[in-house]
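Data block for work_22.pdb (PDB, C-alpha atoms):
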```
ATOM      1  CA  MET A   1      23.975   1.293   3.746
ATOM      2  CA  THR A   2      25.101   4.211   1.658
ATOM      3  CA  VAL A   3      22.719   5.539  -0.961
ATOM      4  CA  ASP A   4      24.829   3.965  -3.704
ATOM      5  CA  GLN A   5      24.764   0.592  -1.941
ATOM      6  CA  GLN A   6      20.973   0.752  -1.664
ATOM      7  CA  PHE A   7      20.595   1.272  -5.396
ATOM      8  CA  ARG A   8      23.224  -1.355  -6.168
ATOM      9  CA  LEU A   9      21.323  -3.892  -4.060
ATOM     10  CA  LEU A  10      18.019  -3.104  -5.765
ATOM     11  CA  LYS A  11      19.640  -3.453  -9.175
ATOM     12  CA  SER A  12      21.172  -6.804  -8.253
ATOM     13  CA  ALA A  13      17.749  -8.260  -7.427
ATOM     14  CA  GLY A  14      16.670  -7.960 -11.051
ATOM     15  CA  VAL A  15      12.976  -7.509 -10.189
ATOM     16  CA  TYR A  16      12.641  -3.779  -9.479
ATOM     17  CA  ASP A  17      11.980  -0.966 -11.936
ATOM     18  CA  HIS A  18      12.050   1.857  -9.396
ATOM     19  CA  PHE A  19      12.907   2.833  -5.829
ATOM     20  CA  ASP A  20      10.169   3.922  -3.422
ATOM     21  CA  ARG A  21      11.994   6.495  -1.316
ATOM     22  CA  MET A  22      11.744  10.136  -0.328
ATOM     23  CA  PRO A  23      15.242  11.656  -0.008
ATOM     24  CA  GLN A  24      15.888  13.609   3.145
ATOM     25  CA  PRO A  25      16.732  17.313   2.746
ATOM     26  CA  GLY A  26      20.139  17.740   1.149
ATOM     27  CA  GLU A  27      20.205  14.222  -0.304
ATOM     28  CA  GLU A  28      18.261  14.983  -3.466
ATOM     29  CA  ARG A  29      21.287  15.173  -5.767
ATOM     30  CA  GLU A  30      22.895  12.085  -4.227
ATOM     31  CA  TYR A  31      19.754  10.024  -4.848
ATOM     32  CA  LEU A  32      19.275  11.401  -8.342
ATOM     33  CA  ASP A  33      22.886  10.631  -9.288
ATOM     34  CA  ALA A  34      22.630   7.075  -7.896
ATOM     35  CA  ALA A  35      19.337   6.528  -9.699
ATOM     36  CA  ASN A  36      20.885   7.564 -13.001
ATOM     37  CA  ARG A  37      24.043   5.560 -12.369
ATOM     38  CA  HIS A  38      22.188   2.298 -11.683
ATOM     39  CA  GLY A  39      19.157   2.785 -13.908
ATOM     40  CA  ILE A  40      16.742   2.523 -10.978
ATOM     41  CA  PRO A  41      14.805   5.801 -10.793
ATOM     42  CA  ILE A  42      12.916   7.096  -7.785
ATOM     43  CA  ARG A  43       9.255   7.223  -8.817
ATOM     44  CA  THR A  44       7.403   7.251  -5.501
ATOM     45  CA  GLY A  45       7.799   8.330  -1.896
ATOM     46  CA  LEU A  46       5.646   8.931   1.137
ATOM     47  CA  TRP A  47       5.268  10.816   4.397
ATOM     48  CA  TRP A  48       2.720  11.226   7.198
ATOM     49  CA  TYR A  49       1.049  14.500   8.127
ATOM     50  CA  THR A  50      -1.136  16.124  10.768
ATOM     51  CA  ALA A  51      -3.704  18.628   9.515
ATOM     52  CA  GLY A  52      -3.321  22.049  11.090
ATOM     53  CA  GLN A  53       0.376  21.448  11.712
ATOM     54  CA  ASP A  54       2.159  20.023   8.662
ATOM     55  CA  GLU A  55       0.896  22.040   5.703
ATOM     56  CA  ALA A  56       4.285  23.717   5.254
ATOM     57  CA  LEU A  57       6.023  20.338   5.619
ATOM     58  CA  LEU A  58       3.815  18.955   2.866
ATOM     59  CA  GLU A  59       4.995  21.583   0.387
ATOM     60  CA  LYS A  60       8.614  21.072   1.455
ATOM     61  CA  ASN A  61       8.374  17.294   0.976
ATOM     62  CA  LEU A  62       6.713  17.623  -2.407
ATOM     63  CA  ARG A  63       9.555  19.837  -3.607
ATOM     64  CA  ILE A  64      12.219  17.513  -2.181
ATOM     65  CA  SER A  65      10.550  14.497  -3.785
ATOM     66  CA  ARG A  66      10.294  16.206  -7.161
ATOM     67  CA  GLU A  67      13.932  17.282  -7.016
ATOM     68  CA  GLY A  68      14.883  13.668  -6.313
ATOM     69  CA  GLY A  69      13.080  12.527  -9.449
ATOM     70  CA  ALA A  70       9.790  11.302  -7.943
ATOM     71  CA  GLU A  71       6.509  11.356  -9.849
ATOM     72  CA  PHE A  72       4.060  10.504  -7.050
ATOM     73  CA  HIS A  73       3.856  11.316  -3.330
ATOM     74  CA  ASP A  74       1.775   9.153  -0.991
ATOM     75  CA  ILE A  75       0.112  11.104   1.827
ATOM     76  CA  MET A  76      -0.835   9.438   5.098
ATOM     77  CA  LEU A  77      -3.040  11.876   7.002
ATOM     78  CA  HIS A  78      -3.390  11.297  10.741
ATOM     79  CA  ILE A  79      -6.852  10.644  12.101
ATOM     80  CA  ARG A  80      -6.688  13.649  14.431
ATOM     81  CA  HIS A  81      -6.275  17.330  13.703
ATOM     82  CA  GLN A  82      -3.481  19.183  15.499
ATOM     83  CA  ARG A  83      -6.078  20.463  17.996
ATOM     84  CA  GLY A  84      -6.863  16.850  18.969
ATOM     85  CA  SER A  85     -10.271  16.216  17.393
ATOM     86  CA  VAL A  86     -10.959  13.525  14.806
ATOM     87  CA  LEU A  87     -10.797  14.962  11.310
ATOM     88  CA  THR A  88     -14.096  15.812   9.666
ATOM     89  CA  ASP A  89     -14.788  14.922   6.047
ATOM     90  CA  ASP A  90     -14.426  18.571   5.084
ATOM     91  CA  GLU A  91     -11.011  18.789   6.750
ATOM     92  CA  ILE A  92      -9.795  15.673   4.936
ATOM     93  CA  VAL A  93     -11.031  16.981   1.597
ATOM     94  CA  ALA A  94      -9.429  20.385   2.265
ATOM     95  CA  PHE A  95      -6.038  18.743   2.929
ATOM     96  CA  TYR A  96      -6.388  16.686  -0.243
ATOM     97  CA  GLU A  97      -7.213  19.818  -2.239
ATOM     98  CA  LEU A  98      -4.201  21.639  -0.797
ATOM     99  CA  ALA A  99      -1.920  18.715  -1.707
ATOM    100  CA  HIS A 100      -3.481  18.391  -5.164
ATOM    101  CA  ASN A 101      -2.971  22.073  -5.947
ATOM    102  CA  LEU A 102       0.581  22.074  -4.597
ATOM    103  CA  GLY A 103       1.367  18.975  -6.616
ATOM    104  CA  ASN A 104       0.073  20.593  -9.778
ATOM    105  CA  LYS A 105       2.246  23.644  -9.122
ATOM    106  CA  ILE A 106       5.375  21.661  -8.277
ATOM    107  CA  GLY A 107       4.914  18.936 -10.883
ATOM    108  CA  ILE A 108       4.227  15.818  -8.800
ATOM    109  CA  GLU A 109       1.108  13.713  -8.341
ATOM    110  CA  ILE A 110      -0.356  13.090  -4.885
ATOM    111  CA  GLY A 111      -2.532  10.351  -3.452
ATOM    112  CA  PHE A 112      -4.130   9.329  -0.155
ATOM    113  CA  GLU A 113      -3.493   5.919   1.411
ATOM    114  CA  ASN A 114      -5.636   3.730   3.646
ATOM    115  CA  HIS A 115      -3.507   3.120   6.706
ATOM    116  CA  ILE A 116      -3.660   2.396  10.418
ATOM    117  CA  TYR A 117      -3.545   5.468  12.687
ATOM    118  CA  MET A 118      -4.863   7.567   9.796
ATOM    119  CA  TRP A 119      -8.404   8.773   8.997
ATOM    120  CA  SER A 120      -8.588   5.966   6.450
ATOM    121  CA  GLU A 121      -8.089   3.165   8.985
ATOM    122  CA  ASP A 122     -11.877   3.173   9.076
ATOM    123  CA  PRO A 123     -12.632   1.677   5.643
ATOM    124  CA  ARG A 124     -16.159   3.100   5.737
ATOM    125  CA  ARG A 125     -14.752   6.600   5.245
ATOM    126  CA  VAL A 126     -12.776   6.010   2.049
ATOM    127  CA  GLU A 127     -15.499   5.958  -0.601
ATOM    128  CA  PRO A 128     -17.428   8.969   0.806
ATOM    129  CA  ILE A 129     -14.217  11.012   0.850
ATOM    130  CA  ALA A 130     -13.398   9.905  -2.699
ATOM    131  CA  ARG A 131     -16.853  11.024  -3.845
ATOM    132  CA  LYS A 132     -16.496  14.413  -2.151
ATOM    133  CA  VAL A 133     -13.082  14.986  -3.705
ATOM    134  CA  GLN A 134     -14.446  14.101  -7.135
ATOM    135  CA  ALA A 135     -17.451  16.381  -6.598
ATOM    136  CA  ARG A 136     -14.994  19.266  -6.263
ATOM    137  CA  GLY A 137     -13.559  18.529  -9.686
ATOM    138  CA  MET A 138     -10.448  16.623  -8.629
ATOM    139  CA  PRO A 139      -9.499  12.997  -9.330
ATOM    140  CA  PHE A 140      -9.237  10.932  -6.165
ATOM    141  CA  LYS A 141      -5.914   9.124  -6.453
ATOM    142  CA  PHE A 142      -5.839   6.198  -4.061
ATOM    143  CA  VAL A 143      -2.890   4.281  -2.651
ATOM    144  CA  LEU A 144      -4.216   0.834  -1.728
ATOM    145  CA  ASP A 145      -2.542  -0.971   1.148
ATOM    146  CA  HIS A 146      -4.759  -4.014   1.505
ATOM    147  CA  SER A 147      -2.846  -5.208   4.579
ATOM    148  CA  HIS A 148      -4.499  -2.569   6.760
ATOM    149  CA  VAL A 149      -7.886  -4.023   5.869
ATOM    150  CA  LEU A 150      -6.890  -7.681   6.070
ATOM    151  CA  ILE A 151      -5.469  -7.366   9.599
ATOM    152  CA  LYS A 152      -9.032  -6.745  10.760
ATOM    153  CA  VAL A 153     -10.470  -9.922   9.222
ATOM    154  CA  ASP A 154     -11.513 -12.303  12.015
ATOM    155  CA  ASN A 155      -9.851  -9.975  14.560
ATOM    156  CA  PRO A 156     -12.322  -8.275  16.942
ATOM    157  CA  GLU A 157      -9.530  -6.438  18.761
ATOM    158  CA  GLU A 158      -8.378  -4.794  15.548
ATOM    159  CA  GLN A 159     -11.968  -4.013  14.595
ATOM    160  CA  ASP A 160     -12.579  -2.355  17.966
ATOM    161  CA  ILE A 161      -9.584  -0.053  17.556
ATOM    162  CA  ILE A 162     -11.470   1.905  14.913
ATOM    163  CA  GLY A 163     -15.026   1.006  15.958
ATOM    164  CA  ILE A 164     -16.171  -1.198  13.084
ATOM    165  CA  ARG A 165     -16.973  -4.471  14.855
ATOM    166  CA  GLU A 166     -20.740  -3.935  14.912
ATOM    167  CA  ASP A 167     -20.835  -3.295  11.161
ATOM    168  CA  VAL A 168     -18.598  -6.292  10.501
ATOM    169  CA  ASP A 169     -20.779  -8.550  12.656
ATOM    170  CA  SER A 170     -23.968  -7.360  10.971
ATOM    171  CA  GLY A 171     -22.541  -7.725   7.471
ATOM    172  CA  ALA A 172     -22.834  -4.011   6.719
ATOM    173  CA  LEU A 173     -19.055  -3.949   6.213
ATOM    174  CA  LEU A 174     -17.382  -6.898   4.475
ATOM    175  CA  LEU A 175     -13.623  -7.200   4.982
ATOM    176  CA  ASP A 176     -13.032 -10.750   3.755
ATOM    177  CA  PRO A 177     -11.733 -10.545   0.162
ATOM    178  CA  TYR A 178     -13.438 -13.838  -0.673
ATOM    179  CA  GLU A 179     -16.904 -12.460   0.112
ATOM    180  CA  SER A 180     -18.882 -10.851  -2.685
ATOM    181  CA  GLY A 181     -19.252  -7.113  -2.135
ATOM    182  CA  ASN A 182     -16.195  -6.771   0.107
ATOM    183  CA  VAL A 183     -14.731  -3.313   0.572
ATOM    184  CA  LEU A 184     -11.482  -4.056  -1.268
ATOM    185  CA  ASP A 185     -13.368  -5.075  -4.405
ATOM    186  CA  GLN A 186     -15.488  -1.940  -4.088
ATOM    187  CA  TRP A 187     -12.388   0.258  -4.050
ATOM    188  CA  MET A 188     -10.911  -1.503  -7.065
ATOM    189  CA  ASN A 189     -14.175  -1.193  -8.977
ATOM    190  CA  LEU A 190     -14.151   2.579  -8.403
ATOM    191  CA  ASN A 191     -11.083   2.576 -10.691
ATOM    192  CA  MET A 192      -9.148   4.957  -8.456
ATOM    193  CA  VAL A 193      -6.122   2.857  -7.411
ATOM    194  CA  HIS A 194      -2.949   4.491  -8.734
ATOM    195  CA  TRP A 195      -0.523   2.641  -6.462
ATOM    196  CA  LEU A 196      -0.736  -0.837  -4.942
ATOM    197  CA  GLN A 197       1.394  -1.577  -1.893
ATOM    198  CA  VAL A 198       2.003  -5.260  -1.250
ATOM    199  CA  ARG A 199       2.798  -6.487   2.242
ATOM    200  CA  PRO A 200       1.250  -9.751   3.398
ATOM    201  CA  VAL A 201      -0.616 -10.073   6.648
ATOM    202  CA  SER A 202      -2.696 -12.910   8.026
ATOM    203  CA  PRO A 203      -6.335 -12.744   9.090
ATOM    204  CA  ASN A 204      -6.252 -12.731  12.895
ATOM    205  CA  GLY A 205      -2.487 -12.957  12.590
ATOM    206  CA  PRO A 206       0.051 -12.769  15.401
ATOM    207  CA  LYS A 207       1.203  -9.500  16.886
ATOM    208  CA  ASN A 208       4.889  -8.675  16.728
ATOM    209  CA  ARG A 209       5.958 -10.218  20.026
ATOM    210  CA  TRP A 210       9.527  -9.064  19.474
ATOM    211  CA  ALA A 211       8.565  -5.392  19.545
ATOM    212  CA  ILE A 212       7.208  -3.754  22.690
ATOM    213  CA  LYS A 213       5.238  -0.531  22.377
ATOM    214  CA  ASN A 214       4.029   1.928  24.966
ATOM    215  CA  ASN A 215       0.439   1.218  25.843
ATOM    216  CA  ASN A 216      -2.102   3.820  24.857
ATOM    217  CA  SER A 217      -5.716   3.839  23.777
ATOM    218  CA  TYR A 218      -4.962   3.439  20.101
ATOM    219  CA  ASP A 219      -2.038   1.135  19.421
ATOM    220  CA  GLY A 220      -3.824  -2.120  20.157
ATOM    221  CA  GLY A 221      -1.624  -3.262  23.032
ATOM    222  CA  SER A 222       1.982  -3.354  24.109
ATOM    223  CA  TYR A 223       3.118  -5.630  21.286
ATOM    224  CA  GLY A 224       3.380  -4.383  17.736
ATOM    225  CA  ARG A 225       0.173  -4.784  15.764
ATOM    226  CA  PRO A 226      -0.142  -7.692  13.272
ATOM    227  CA  CYS A 227       0.731  -5.670  10.163
ATOM    228  CA  GLN A 228       3.283  -8.019   8.624
ATOM    229  CA  TYR A 229       3.364 -11.763   7.983
ATOM    230  CA  PRO A 230       6.330 -13.313   6.143
ATOM    231  CA  PHE A 231       5.632 -14.007   2.468
ATOM    232  CA  ILE A 232       7.983 -16.990   2.364
ATOM    233  CA  LYS A 233       8.649 -19.352   5.245
ATOM    234  CA  PRO A 234      11.251 -18.040   7.707
ATOM    235  CA  LYS A 235      14.014 -20.339   8.821
ATOM    236  CA  PRO A 236      13.901 -21.715  12.379
ATOM    237  CA  GLY A 237      14.500 -18.926  14.873
ATOM    238  CA  GLU A 238      13.891 -16.126  12.372
ATOM    239  CA  TRP A 239      10.361 -15.382  13.539
ATOM    240  CA  HIS A 240       8.380 -15.467  16.758
ATOM    241  CA  SER A 241       5.366 -17.467  15.515
ATOM    242  CA  SER A 242       4.422 -20.490  13.458
ATOM    243  CA  TRP A 243       4.115 -19.911   9.700
ATOM    244  CA  HIS A 244       1.575 -21.411   7.295
ATOM    245  CA  ALA A 245       1.499 -20.755   3.558
ATOM    246  CA  TYR A 246      -2.288 -20.600   3.382
ATOM    247  CA  ARG A 247      -2.309 -17.511   5.599
ATOM    248  CA  VAL A 248      -0.661 -15.511   2.798
ATOM    249  CA  GLU A 249      -3.365 -16.459   0.288
ATOM    250  CA  PRO A 250      -5.811 -13.595   1.071
ATOM    251  CA  CYS A 251      -3.057 -11.095   0.282
ATOM    252  CA  LYS A 252      -2.210 -12.918  -2.944
ATOM    253  CA  GLU A 253      -5.863 -12.983  -3.952
ATOM    254  CA  VAL A 254      -6.212  -9.200  -3.561
ATOM    255  CA  VAL A 255      -3.093  -8.675  -5.686
ATOM    256  CA  ARG A 256      -4.417 -11.044  -8.351
ATOM    257  CA  ARG A 257      -7.690  -9.132  -8.494
ATOM    258  CA  MET A 258      -5.919  -5.794  -8.758
ATOM    259  CA  LEU A 259      -3.709  -7.095 -11.574
ATOM    260  CA  ARG A 260      -6.710  -8.606 -13.332
ATOM    261  CA  HIS A 261      -8.598  -5.325 -13.048
ATOM    262  CA  HIS A 262      -5.662  -3.498 -14.570
ATOM    263  CA  LEU A 263      -5.257  -6.025 -17.370
ATOM    264  CA  CYS A 264      -8.934  -5.965 -18.333
ATOM    265  CA  ASN A 265      -9.624  -2.226 -17.983
ATOM    266  CA  ALA A 266      -7.951   0.104 -20.458
ATOM    267  CA  SER A 267      -8.782   3.068 -18.208
ATOM    268  CA  SER A 268      -7.091   1.601 -15.130
ATOM    269  CA  PRO A 269      -4.897   4.285 -13.501
ATOM    270  CA  LEU A 270      -2.638   1.763 -11.732
ATOM    271  CA  ARG A 271       0.968   2.776 -12.368
ATOM    272  CA  TYR A 272       2.998   1.789  -9.307
ATOM    273  CA  ILE A 273       3.386  -1.414  -7.311
ATOM    274  CA  THR A 274       5.717  -1.572  -4.332
ATOM    275  CA  THR A 275       6.731  -4.361  -1.975
ATOM    276  CA  ASP A 276       6.545  -3.226   1.619
ATOM    277  CA  MET A 277       8.119  -5.670   4.045
ATOM    278  CA  ILE A 278       9.527  -3.157   6.538
ATOM    279  CA  ASP A 279      10.819  -2.771  10.068
ATOM    280  CA  MET A 280       9.065  -0.694  12.816
ATOM    281  CA  ALA A 281       7.179  -2.182  15.750
ATOM    282  CA  ASP A 282       3.877  -2.903  14.005
ATOM    283  CA  TYR A 283       5.714  -4.645  11.179
ATOM    284  CA  GLY A 284       9.043  -6.485  11.263
ATOM    285  CA  GLU A 285      11.036  -4.801  14.019
ATOM    286  CA  ASN A 286      13.552  -7.226  15.560
ATOM    287  CA  ALA A 287      12.672  -9.973  13.076
ATOM    288  CA  LYS A 288      15.552 -12.254  12.169
ATOM    289  CA  TYR A 289      14.431 -12.955   8.595
ATOM    290  CA  SER A 290      15.712 -10.791   5.764
ATOM    291  CA  LEU A 291      13.295  -8.017   4.832
ATOM    292  CA  PHE A 292      15.070  -7.674   1.502
ATOM    293  CA  GLU A 293      14.756 -11.359   0.636
ATOM    294  CA  GLN A 294      11.063 -11.266   1.522
ATOM    295  CA  ASN A 295      10.524  -8.217  -0.679
ATOM    296  CA  VAL A 296      12.348  -9.813  -3.604
ATOM    297  CA  ALA A 297      10.228 -12.945  -3.218
ATOM    298  CA  ILE A 298       7.064 -10.824  -3.383
ATOM    299  CA  ALA A 299       8.275  -8.915  -6.440
ATOM    300  CA  THR A 300       9.257 -12.160  -8.173
ATOM    301  CA  TRP A 301       5.812 -13.635  -7.488
ATOM    302  CA  ILE A 302       4.057 -10.478  -8.747
ATOM    303  CA  ARG A 303       6.005 -10.538 -12.004
ATOM    304  CA  ARG A 304       5.336 -14.243 -12.550
ATOM    305  CA  THR A 305       1.638 -13.812 -11.750
ATOM    306  CA  TRP A 306       1.321 -10.874 -14.145
ATOM    307  CA  ASP A 307       3.096 -12.746 -16.960
ATOM    308  CA  GLU A 308       0.791 -15.741 -16.469
ATOM    309  CA  MET A 309      -2.274 -13.489 -16.629
ATOM    310  CA  VAL A 310      -1.069 -11.791 -19.806
ATOM    311  CA  ASP A 311      -0.366 -15.157 -21.444
ATOM    312  CA  GLN A 312      -3.764 -16.498 -20.388
ATOM    313  CA  GLU A 313      -5.557 -13.422 -21.701
ATOM    314  CA  ALA A 314      -3.739 -13.740 -25.033
ATOM    315  CA  ALA A 315      -4.704 -17.418 -25.237
ATOM    316  CA  ASN A 316      -8.353 -16.601 -24.471
ATOM    317  CA  ARG A 317      -8.427 -13.993 -27.223
ATOM    318  CA  ALA A 318      -6.853 -16.401 -29.693
ATOM    319  CA  ARG A 319      -9.490 -19.032 -28.872
ATOM    320  CA  GLY A 320     -12.190 -16.406 -29.319
ATOM    321  CA  ARG A 321     -10.871 -15.482 -32.751
ATOM    322  CA  ASP A 322     -10.654 -19.159 -33.733
ATOM    323  CA  SER A 323     -14.260 -19.738 -32.606
ATOM    324  CA  LYS A 324     -15.508 -16.796 -34.681
ATOM    325  CA  GLN A 325     -13.622 -18.028 -37.740
ATOM    326  CA  GLU A 326     -14.986 -21.526 -37.279
ATOM    327  CA  GLY A 327     -18.498 -20.136 -36.990
ATOM    328  CA  ALA A 328     -18.036 -18.096 -40.177
ATOM    329  CA  ARG A 329     -16.890 -21.201 -42.098
ATOM    330  CA  GLU A 330     -19.916 -23.179 -40.939
TER     331      GLU A 330
END
```

Written as C-alpha cells, that's how I'd like the structure from this file.
Amino acid sequence: MTVDQQFRLLKSAGVYDHFDRMPQPGEEREYLDAANRHGIPIRTGLWWYTAGQDEALLEKNLRISREGGAEFHDIMLHIRHQRGSVLTDDEIVAFYELAHNLGNKIGIEIGFENHIYMWSEDPRRVEPIARKVQARGMPFKFVLDHSHVLIKVDNPEEQDIIGIREDVDSGALLLDPYESGNVLDQWMNLNMVHWLQVRPVSPNGPKNRWAIKNNNSYDGGSYGRPCQYPFIKPKPGEWHSSWHAYRVEPCKEVVRRMLRHHLCNASSPLRYITTDMIDMADYGENAKYSLFEQNVAIATWIRRTWDEMVDQEAANRARGRDSKQEGARE
C-alpha cells in the first residue's frame, strides 16, 4: 500500500485517532502530508536497539519520528549488549537516560517496553529498573504490552526461555492476571503506563505453525512463538489452530483494568492505546485472516468498553449524590 492508502484505510475504519508508525528516512514529509490530509496524525512509533551499537541510530530515529509528527517513541532494548553480555541494570538505566535527554532536546517523549528478546522479557526486572530511573530524577515512562507476559502463563517452555519457571512455580512471581498481586497489576499500580499495546494471546497458546524460524537457544523452537491469538474467530482455513473465545478473556481483563485505572485516577499518564495484530514469525506471519479486520475489532471493543465504563461511573456518582440528598432530607 502507498502511504496515502494506509491513511485512507485507517480513516475508513472510523475507530482510530492516530497512526502508530515511524516513517523511514526520506518519508517524513509524505507521512506528515497524508496525516494532515486524512486527519489521522502520527503520534507514536517504535524501534529496537542494541546498547553499545545503536546510540547514533536512536538519535536519528527520534529526529525522524519528530519530523513525521510523532509525540512518543517506544524503545525496545535488546537483552544483550553489543559485546554479547546480558545488560546490567546500570547499562539499561544509562540507555534510558540517554534516550530521555535526547528526547528532551529533540522534543519527543520516550518510553521502554516489556517485550520478548529484550531485557524486559524477564518481568522481575521491570520494577527495579523503574525505581532506579526514578531515583535519578527521571520519570519512568512504560509501554505495557501485556501479551509478552500472558504468553508465559501456564507455559513452562516460555518461562524457561527467560529463566522464571522456579519463581512462577513457587509463587514468587505471579503472571496470571486473575491472581491477586500479579505483576501486571503491580505495574499498573505504579502509575507509569503511558502507552498500552493491545494484542491478544492465549495462556499456553499455540505456536505459529505456519512460520518456521531458525533454531537457536533463545527463540523457543523452530515455529514462531505464541505471541498472537485472533481476537475474533477466524473463518475455516484462516488459521492453523482451533479458536475459543474464552482464551481471549485474560487479554480483555488486563485492558479493562488498565482502562479502569485510567478512569479512576486523575494522575494516570496513559495517553496512547494501539492495536497490534501484526505479521512476523512470532505473530501472524502467513496467517490467512485479515490483520486489519482483527485490529478494527479490537479497537471497536476498546471504545465500547470505555464508553460503558464511563457511563457506569457516571451512574454510580449520580446514585451517590442521590443517597447523600436522601440522607440530608431524613

For this session: Name the residues that the PyMOL selection byres ((chain A and resi 7) around 7) picks from the file above, as an NGL selection string, using the file's chain letters and numbers.
Result: :A and (3-6 or 8-11 or 34-35 or 38 or 40)

For this session: Name the residues that the PyMOL selection byres ((chain A and resi 288-296) around 12) picks from the file above, as number ranges by chain, using the file's chain letters and numbers.
Result: A: 6, 9-16, 197-200, 210, 228-241, 273-280, 283-287, 297-303

Could you save the residues just selected, with C-alpha atoms, as a PDB file, keeping the file's coordinate frame?
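This went into selection-v4.pdb:
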```pdb
ATOM      1  CA  GLN A   6      20.973   0.752  -1.664  1.00  0.00           C
ATOM      2  CA  LEU A   9      21.323  -3.892  -4.060  1.00  0.00           C
ATOM      3  CA  LEU A  10      18.019  -3.104  -5.765  1.00  0.00           C
ATOM      4  CA  LYS A  11      19.640  -3.453  -9.175  1.00  0.00           C
ATOM      5  CA  SER A  12      21.172  -6.804  -8.253  1.00  0.00           C
ATOM      6  CA  ALA A  13      17.749  -8.260  -7.427  1.00  0.00           C
ATOM      7  CA  GLY A  14      16.670  -7.960 -11.051  1.00  0.00           C
ATOM      8  CA  VAL A  15      12.976  -7.509 -10.189  1.00  0.00           C
ATOM      9  CA  TYR A  16      12.641  -3.779  -9.479  1.00  0.00           C
ATOM     10  CA  GLN A 197       1.394  -1.577  -1.893  1.00  0.00           C
ATOM     11  CA  VAL A 198       2.003  -5.260  -1.250  1.00  0.00           C
ATOM     12  CA  ARG A 199       2.798  -6.487   2.242  1.00  0.00           C
ATOM     13  CA  PRO A 200       1.250  -9.751   3.398  1.00  0.00           C
ATOM     14  CA  TRP A 210       9.527  -9.064  19.474  1.00  0.00           C
ATOM     15  CA  GLN A 228       3.283  -8.019   8.624  1.00  0.00           C
ATOM     16  CA  TYR A 229       3.364 -11.763   7.983  1.00  0.00           C
ATOM     17  CA  PRO A 230       6.330 -13.313   6.143  1.00  0.00           C
ATOM     18  CA  PHE A 231       5.632 -14.007   2.468  1.00  0.00           C
ATOM     19  CA  ILE A 232       7.983 -16.990   2.364  1.00  0.00           C
ATOM     20  CA  LYS A 233       8.649 -19.352   5.245  1.00  0.00           C
ATOM     21  CA  PRO A 234      11.251 -18.040   7.707  1.00  0.00           C
ATOM     22  CA  LYS A 235      14.014 -20.339   8.821  1.00  0.00           C
ATOM     23  CA  PRO A 236      13.901 -21.715  12.379  1.00  0.00           C
ATOM     24  CA  GLY A 237      14.500 -18.926  14.873  1.00  0.00           C
ATOM     25  CA  GLU A 238      13.891 -16.126  12.372  1.00  0.00           C
ATOM     26  CA  TRP A 239      10.361 -15.382  13.539  1.00  0.00           C
ATOM     27  CA  HIS A 240       8.380 -15.467  16.758  1.00  0.00           C
ATOM     28  CA  SER A 241       5.366 -17.467  15.515  1.00  0.00           C
ATOM     29  CA  ILE A 273       3.386  -1.414  -7.311  1.00  0.00           C
ATOM     30  CA  THR A 274       5.717  -1.572  -4.332  1.00  0.00           C
ATOM     31  CA  THR A 275       6.731  -4.361  -1.975  1.00  0.00           C
ATOM     32  CA  ASP A 276       6.545  -3.226   1.619  1.00  0.00           C
ATOM     33  CA  MET A 277       8.119  -5.670   4.045  1.00  0.00           C
ATOM     34  CA  ILE A 278       9.527  -3.157   6.538  1.00  0.00           C
ATOM     35  CA  ASP A 279      10.819  -2.771  10.068  1.00  0.00           C
ATOM     36  CA  MET A 280       9.065  -0.694  12.816  1.00  0.00           C
ATOM     37  CA  TYR A 283       5.714  -4.645  11.179  1.00  0.00           C
ATOM     38  CA  GLY A 284       9.043  -6.485  11.263  1.00  0.00           C
ATOM     39  CA  GLU A 285      11.036  -4.801  14.019  1.00  0.00           C
ATOM     40  CA  ASN A 286      13.552  -7.226  15.560  1.00  0.00           C
ATOM     41  CA  ALA A 287      12.672  -9.973  13.076  1.00  0.00           C
ATOM     42  CA  ALA A 297      10.228 -12.945  -3.218  1.00  0.00           C
ATOM     43  CA  ILE A 298       7.064 -10.824  -3.383  1.00  0.00           C
ATOM     44  CA  ALA A 299       8.275  -8.915  -6.440  1.00  0.00           C
ATOM     45  CA  THR A 300       9.257 -12.160  -8.173  1.00  0.00           C
ATOM     46  CA  TRP A 301       5.812 -13.635  -7.488  1.00  0.00           C
ATOM     47  CA  ILE A 302       4.057 -10.478  -8.747  1.00  0.00           C
ATOM     48  CA  ARG A 303       6.005 -10.538 -12.004  1.00  0.00           C
TER      49      ARG A 303
END
```

Exercise. Can you tell me, as a PyMOL selection string, what residues are no more than 9 Å from Met22 of chain A when counting all atoms listed in the file, ignoring any on the same chain fewer than 4 positions away?
Worked result: chain A and resi 28+42+44-47+61+64-65+68+70+73

Writing out the chosen residues with C-alpha atoms as a PDB file, in the coordinates of the input:
```
ATOM      1  CA  GLU A  28      18.261  14.983  -3.466  1.00  0.00           C
ATOM      2  CA  ILE A  42      12.916   7.096  -7.785  1.00  0.00           C
ATOM      3  CA  THR A  44       7.403   7.251  -5.501  1.00  0.00           C
ATOM      4  CA  GLY A  45       7.799   8.330  -1.896  1.00  0.00           C
ATOM      5  CA  LEU A  46       5.646   8.931   1.137  1.00  0.00           C
ATOM      6  CA  TRP A  47       5.268  10.816   4.397  1.00  0.00           C
ATOM      7  CA  ASN A  61       8.374  17.294   0.976  1.00  0.00           C
ATOM      8  CA  ILE A  64      12.219  17.513  -2.181  1.00  0.00           C
ATOM      9  CA  SER A  65      10.550  14.497  -3.785  1.00  0.00           C
ATOM     10  CA  GLY A  68      14.883  13.668  -6.313  1.00  0.00           C
ATOM     11  CA  ALA A  70       9.790  11.302  -7.943  1.00  0.00           C
ATOM     12  CA  HIS A  73       3.856  11.316  -3.330  1.00  0.00           C
TER      13      HIS A  73
END
```

For this session: Figure out the distance between atom CA of Tyr31 of chain A and atom CA of Phe19 of chain A, please, to one decimal in Å.
Result: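 Separation of atom CA of Phe19 of chain A and atom CA of Tyr31 of chain A: 10.0 Å.
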
Problem set entry | Selection result for the PyMOL selection byres ((chain A and resi 125) around 12) on this file, as number ranges by chain | A: 79, 87-90, 92-93, 113-115, 118-124, 126-132, 162, 164, 173, 183, 187

Problem set entry | Near-Gly69 of chain A list (8 Å; all atoms listed in the file; drop same-chain fewer than 2 positions) as a VMD selection string | chain A and resid 32 41 to 43 65 to 67 71

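The spacing separating atom CA of Asn316 of chain A from atom CA of Val255 of chain A amounts to 21.1 Å.
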
Problem set entry | Interatomic distance, atom CA of Trp306 of chain A to atom CA of Asp74 of chain A (Å, one decimal) |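 Here the two named atoms are 24.0 Å from each other.
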